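Presented below is the structure to which this report refers.
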Amino acid sequence: MNFTLDFSSLAPYWPVFLRGAWLTLKMTTVAIVVGVSIGVIVAFAKNSKNRLVARACGAYIEAVRNTPFLVQIFLLYFGLASLGVHMPTFAAAVLAMIINIAAYAAEIIRAGIDSVPRGQIEAAECLGLSVWRIRWHVMLQPAIERVYPALTSQFLLMMQASAMASQISAEELTAIANTVQSDTFRSLETYIVVAGLYLVLSVLVKLLAYAFGEYIFKRRRTIRRAAAQARRSPVSHMAMASVATAGAVPVAHAPFIHGVSQPRNTVEGSAS
């Protein structure tokens with residue numbers, strides 16, 4: 001049996017494919033922005049001293065993470081409809097995505113917050129910083145910087161999981177593909193095109209996330225420039241080598257000992 005790929009029959013459907021890809025990207029963007037914002041609140045609330053609030057946030061995270069995303073969509077779309085609450089397919093799909101990504105982002109961000117050394121928080125408290133400034137500058141920003149790769153991976157998974165919205169007839173990319181293949185009977189070619197579009201969208205999301213991270217995390221750029229400058233100029237390495245051979249101990253490694261950066265022979269000479 002001879003079989004050849006024929007993409008020419010899909011040419012009239014390219015505007016439909018692009019419309020579905022745009023809807024997928026729009027759903028993902030809204031879910032990421034709103035979901036991460038809610039996730040930050042839930043992450044702090046889970047570490048709250050109020051046990052009731054902390055347990056409620058923990059129950060929400062466990063309920064979302066241990067149930068399939070498709071079931072969550074059905075609960076919002078069909079379950080609420082049985083109670084008289086009817087939502088458009090787009091709204092139901094985006095709301096399910098927000099609830100899902102908020103739970104995963106909350107757990108990721110909470111892990112990043114727990115990794116912040118307690119000494120930094122205590123030092124900020126001693127300086128008299130307000131609670132909000134401590135949470136934003138001392139806790140949240142370093143935490144998000146550390147877990148940002150994990151958040152980016154979760155963004156990609158959420159975009160790919162948006163294909164589940166086709167089960168409630170949301171006109172995103174997978175639903176468009178189902179319609180096109182039923183019209184053209186070219187299933188293989190249709191889903192090859194859809195796979196290519198998802199690949200392009202994934203690369204686009206990764207590039208946008210990388211650019212956003214480079215813009216937000218200025219310390220990362222500063223460290224990278226300093227490392228590059230150190231590689232280009234050997235003076236800093238020679239200075240460090242001379243300090244090491246002189247028997248000096250950097251003050252940064254012994255903050256409570258004064259004069260440790262002086263060579264040992266100089267100290268002994270002054271004592272004698």
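Starting from 1 in every chain, residues are counted up; chains themselves are A, B, ... following the order of the structure tokens, and ligands are numbered from 1 as listed.
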* Asked: If you run DSSP on the backbone, which residues of stretch 93-204 of chain A are alpha helix (DSSP H), as number ranges by chain?
  -> A: 93-114, 118-126, 131-133, 141-161, 173-184, 187-204
* **Test item: residues at most 12 Å from A:Trp136, only C-alpha atoms, excluding those fewer than 3 positions along its chain, as an MDAnalysis selection string** => chainID A and resid 40:41 44 113 121 124 129:133 139:144
* Structure fact -> In Å and to one decimal, atom CA of A:Ile223 is distant from atom CA of A:Ile108 by 24.2 Å
* Asked: Residues at most 10 Å from A:Glu62, counting only C-alpha atoms, excluding those fewer than 6 positions away in the same chain, as a ChimeraX atom specification?
  -> /A:56,103-104,107
* Structure fact -> Of A:Leu188, A:Val180, A:Met164, A:Leu151, the one sitting nearest A:Phe90 when using only C-alpha atoms is A:Met164
